[in-house]
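S.K.: Handing you a structure now.
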4 protein chains.
Amino acid sequence: MRIAFIGLGAMGLPIARNLIKAGHELHAWNRNPDRARTLEPDGARVADSIAQAVQAVEIVCTMVADDAALADVVWDGPDRAGVLQTLAPDGVHVSLSTISTDLSTRLARAHADAAQHFVAAPVFGRPDAAANATLTVVAAGPAAAIERCRPVLEPIGQALCVVGDDPPMANVVKLGGNFLIATMIEALGEAFALMRKSGVAPATFLDVVNSNLFRSPVYGNYGRLIDGGTFDPPGFRLRLGLKDARLVLAAAERVETPMPLASLVRDQLLSGVALGRGDLDWSAVSVLAAERAGVK
Amino acid sequence: MRIAFIGLGAMGLPIARNLIKAGHELHAWNRNPDRARTLEPDGARVADSIAQAVQAVEIVCTMVADDAALADVVWDGPDRAGVLQTLAPDGVHVSLSTISTDLSTRLARAHADAAQHFVAAPVFGRPDAAANATLTVVAAGPAAAIERCRPVLEPIGQALCVVGDDPPMANVVKLGGNFLIATMIEALGEAFALMRKSGVAPATFLDVVNSNLFRSPVYGNYGRLIDGGTFDPPGFRLRLGLKDARLVLAAAERVETPMPLASLVRDQLLSGVALGRGDLDWSAVSVLAAERAGVK
Amino acid sequence: MRIAFIGLGAMGLPIARNLIKAGHELHAWNRNPDRARTLEPDGARVADSIAQAVQAVEIVCTMVADDAALADVVWDGPDRAGVLQTLAPDGVHVSLSTISTDLSTRLARAHADAAQHFVAAPVFGRPDAAANATLTVVAAGPAAAIERCRPVLEPIGQALCVVGDDPPMANVVKLGGNFLIATMIEALGEAFALMRKSGVAPATFLDVVNSNLFRSPVYGNYGRLIDGGTFDPPGFRLRLGLKDARLVLAAAERVETPMPLASLVRDQLLSGVALGRGDLDWSAVSVLAAERAGVK
Amino acid sequence: MRIAFIGLGAMGLPIARNLIKAGHELHAWNRNPDRARTLEPDGARVADSIAQAVQAVEIVCTMVADDAALADVVWDGPDRAGVLQTLAPDGVHVSLSTISTDLSTRLARAHADAAQHFVAAPVFGRPDAAANATLTVVAAGPAAAIERCRPVLEPIGQALCVVGDDPPMANVVKLGGNFLIATMIEALGEAFALMRKSGVAPATFLDVVNSNLFRSPVYGNYGRLIDGGTFDPPGFRLRLGLKDARLVLAAAERVETPMPLASLVRDQLLSGVALGRGDLDWSAVSVLAAERAGVK
C-alpha cells in the first residue's frame, strides 16, 4: 500500500521502518529532513513537504510529540499546506500520537467535513517495543476505516485492540493506561521511601510483592529503575509524562469526572519538572517521595 | 511439633487445619469456643484457656483481627493469663496477623524480656488461599527463631519470604503490599469512571491494559469485581482495608515518611465506611469515584 | 473621557453604570444588544458593533466570561472586526475579566504589536460590590498606561492595587486570591462536616473561630452560606469557580509550581459540576464534604 | 478558690500566673520541679507530688503536651497516685490541653465513675496571649461544672465560649480551628510560591488580599512570617502542629468523616518534621511548597 508517514522521532522512525518491512511504499516527512533521510536506506521516499508526502496516498500516519505538533501538520501553516487539505477524499488519517480527546474529536469532525476518515490509534510501548513491533495499538474510528488500516496497524505491534467507533475512545484508553502506570510509579516511590526508612531494602520488598502478588512486568521494570535510580537515558521523559497527566485530567474534565489520584500524580510530575528532572525517565518522579521523607 | 493456635477466624481456621494436616499436634483457643470445636474432627485439641493451649508448646501462632485483639491475648487480662506469661522460656510466638509496626516492636521487646522469641509472619492472601495453602508468608525475626518456625510457616503457604531480623520489617512489607493493592483499586475506580463517562466499557479498557500491559492477576481480579459491582460477599472487608490504610500511615509516620497516595486512599476508604459500605469487599471503595463523577 | 465598554453581564453592567456616573461618555457593546439597551436610560450609547463602540475612544474596557469570550471580541471574527483591529494607536485595552495568565501575556504582546497598550485589571467582588463601587481592582501593565486608566479604574472600586508592570501579574494575583477563598470554602465544608458528626452546631463552631480568631468577613459570609445551605441564587457560580481553579492551576503549571491544595479544590468543584450543582453558588462545593461523610 | 495546676510549660506557666493574680490559692506541680519553683515568687505553693497538689482542692487544671502526658498524670503510675485517685469527690478536672476527642471521652467517663467532674477547656492562643490573658477558651462539660469553673476560666482569656455539655465537643472545636489555621498556612505557602515564580512579591499579594478581602489577623501574621522566613523562635512548633493534624484526623475518623484537606496538610507537616523543621514555627511547612516548585 502507498502510505505517508509524518513524524520520525524516537517512536515514529522505528514504526515507519516496520511499515516498510511489511511491504508498504512509504513517503516520509519530518520537520528535520536529515532525520527522514536516515530512513532512505530502508527504502523510504523522503518528501520535501507534507503535501508531497500525502498526495496520492490512501493512508497517512502521524506520530508527533503533542497536540500542538499534530495541529501544526494537519492544518495549513502560513507557508505550507497541511494533511487536511492535501489528503485525497476517502483517504484515512491514522493518528498514532498521544493526544487530547478534544483534539481527537475536532480532527474526526474536520476530516469528516473534508470527506476523509480519521482513526485514532495511539500505542503503548517504548522505543524498543516500536523497534521490535511489540507495541499495543489501541484503535477507534469508523469500522470500515479501521478495516482499511489493518495492513498498517497490524505489522507495528503485537496486539491491535479496537475499542470503539469514535476516535477519542482510543485516546482515552491510552490516557487511562498511562494514568495507571503513573500511579504505580508514584505508589512504588512512596512504598520504597517507607521501606528505606524502615530498614527494608526496596529490592526485597519488590521481590516479595511482585514475585508473589502482582506478577506484573510493569511493577518489575519500574521497580528496578526506581530502586537503582536509573533514570538516564530516559525510556519515557518525565516532561512527557506530565503532558499525559495533563491530558488525562483534561479528558476527565471534559466528561466531568474528578480523578484525585491523577491530580496528585500530576503535581508530583510537575514538581519533577520544576526540580530539573524533566528530561529524565518519568520514574524519576519517585525521587520526590524519597526527598520529602528526608531519605539520604 | 506441639503447637498452640490462637484465633480461628476466616483466616485462622483454614491455616490451623493445614498445620494439623502437616502433622503438628495443635492446641487451639478461640474467644468463641464453638468455633474452635469445629476443628476437633480434624484432630485439634481445644483448650479452655490461653494458658492451657500455650503451656508446654514450643511455638504459639496467633491470627487475630487487629492490634487490640492481639494485645488482649498476649498480655494478661483481668481474669486470665496471656501468651506472654504462659509461654515457656525459649518458646516462639509467631504472629500471623496484620498489625502495626509499633505493636510488633513492643512485642519483640516484651518477649525478649521474658526470654522468649517473637517472629512476625503476616500473610498475603484471602481465605481461599489460606485453605489452599497458597498464602505468601512474610517473616521477620531472629534468624534462629525463624528457622525453628519453618515447619509451621512452610506448610501454610506457597512462599516463605524472610525479609529481615527485626519483626516490624515483616509488618511494614505486608502493609506496603496492601497499600499498593489499595492504590490499584482506587486507580481502577477512577479510570473506570472516566471510561464510563467517555463511552468506553470498563471491561474493554481492562482487557486492553491488563492483557497487554500489566498482565497482573491483581488488576484482573479487582478489575472484574469493580466492573461487575460484585462486592458481596466480601473477600476482604472495606473496614479492614481502612484499618490497614491507617496502619500503613502510622508505620510511615513513625519513620517520618509522608505518603500522600496512602492518605488519599485512606480518605476514600473512610468515606466508604461512612456511606455504609464497611462490610462490602474493599473494592467497593471504587463506587465513590463513580458517584463523585455523577455516573448513574 | 470617551470610553468603550464591552460585556454587560452581571458584573459588567453595574461597573459600566458607575463609569457613566463618573462622567465618562460610554459606548457600550454586548453580544445580546437588549441587555446593552438597559443602560441607555443611564446615558450609554449602544453600539451596533465592536468597531462602532471602539472607534475614536481612548480606552476600551472588557468584562466577559472567560478566555474564549475575550479572545472572541479582541480578534476579528468571520464577520466582524475585533478590538485589536479597531482600537486607535496609543489606545488602551483594560481587561477586567478573570482570564488566564497565558491569554494576558498574548494580549500584551498583540496590543504592543499594534502600537496599543494593554492593562490587566481584574476585580475582586460580587455583583453587589460592583453596584456599590466597592470592588478591589488589581491592575498591572505599563505604568504610563495605568496612569491614563485611573479615571476609569478608580470610580469602580474602593481600592486600586497596582501590582506590577507586566499585565499577567494582575491576573495571577486575582487567581491566587480566588484560590485562597476556594480553599477556605473547602476547609469550612470539611470542618462543618466534622462538627455536625461530632454533635457541634456549625454556627457555634463558626462563632468561636471567626469571632475570636479569624475575624474575617470571608469566613463569616461563606460560613453562613454553608451552614444555611443557601446556595441559590448564586453570588458566584460554582462552574465559574471551577474555571478559576483551572486557571490558577494553568498559571501555576506555566511557572512550574505544583499546588496540591488547588488540585484538591479543583477536583471537588468538578465533582460539584458533575453532580448538577454548577449553577449554584460555589460554596455549594461544601455539600460534597458532608455527603462523603454520610451527613444526612 | 483553692486550685491545683499541673503542667507549667510555655502555656501553663503564664496561665497559672494569671490564676494567682486573680486571687486563687494555687498548688502547682510540674514534672520538672525547678520550673514550678519559678512560680513561687508569684505566690504559688509548689507540691512534691500530684497527690499533694490535688488533695483538698476543688478544681484541678491540667495543661500538658499531649494525650500521653495527660494520661500519665491522671492515672496512677508505678510509683505515684494520679489526679483521678487523689481528687476529692465532686472535684472538677479542667483539661486545658489540646488532646484527642477519644481521651476526652474516656476522661469524662473515668471522672464520672469516680463521682468527679470533667470539663474540657482547650485554648486558642500562643504563649504571649496566655501571658496577656487574651486566650480564647473553648469549654464543654456538664453545665453546673462549667459554672463552678468560671472563676478559673474567665481570668485567663478574653473570651470563654461554652460549646456543649459533652467534653469532647470542646476538643473537636479546638482541633477544627487549628485545622483551619493549618490550611491557611499551607494555602499561603502555595500561593506565595506561585507569586514568587510569577514575579510578584508575596508581600504585594498579601497586601492586596488581606487588606481588601480577608482582613484577618491570622492571614496577616502568618503571611508575614512566611514571607520573611521567620520561623525561629517558634510561636507554635511544627511538630505540635503535626500532632494536632493527627488529632483532627483521628477525631474525624472516630465519627467517620473524611477530611482530604486535613490529610494533605498532615502530610506536609510530616515532611517538615522529616526534613528537620520540627522545632521551627509551624508556618515553616510553607518552605516545602517553595522547594517543590524549585524556588531558590
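Residue numbering restarts at 1 in every chain; chains get A, B, ... in the order shown in the C-alpha cells, and ligands count up from 1 in that same order.
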So which residues touch D:Leu135 within 7 Å, counting only C-alpha atoms, skipping near sequence neighbours fewer than 4 positions away, as an MDAnalysis selection string?
M.R.: chainID D and resid 123:125 129:130 156:159
S.K.: For chain C, report every residue with an atom at most 8 Å from chain A (counting only C-alpha atoms), formatted as a ChimeraX atom specification.
M.R.: /C:253,256-260,263-264,267-268,270-271,273-274
S.K.: Give me, as a ChimeraX atom specification, the residues of stretch 3-232 of chain A that a backbone DSSP run labels strand (DSSP E).
M.R.: /A:3-6,25-29,45-46,59-62,92-95,117-120,123-124,135-140,157-164
S.K.: I want to know what sits within 9 Å of C:Val138, based on only C-alpha atoms, with residues of the same chain fewer than 5 positions away left out; could you give that as a PyMOL selection string?
M.R.: (chain C and resi 120-124+159-163+170-171+173-174) or (chain D and resi 208)
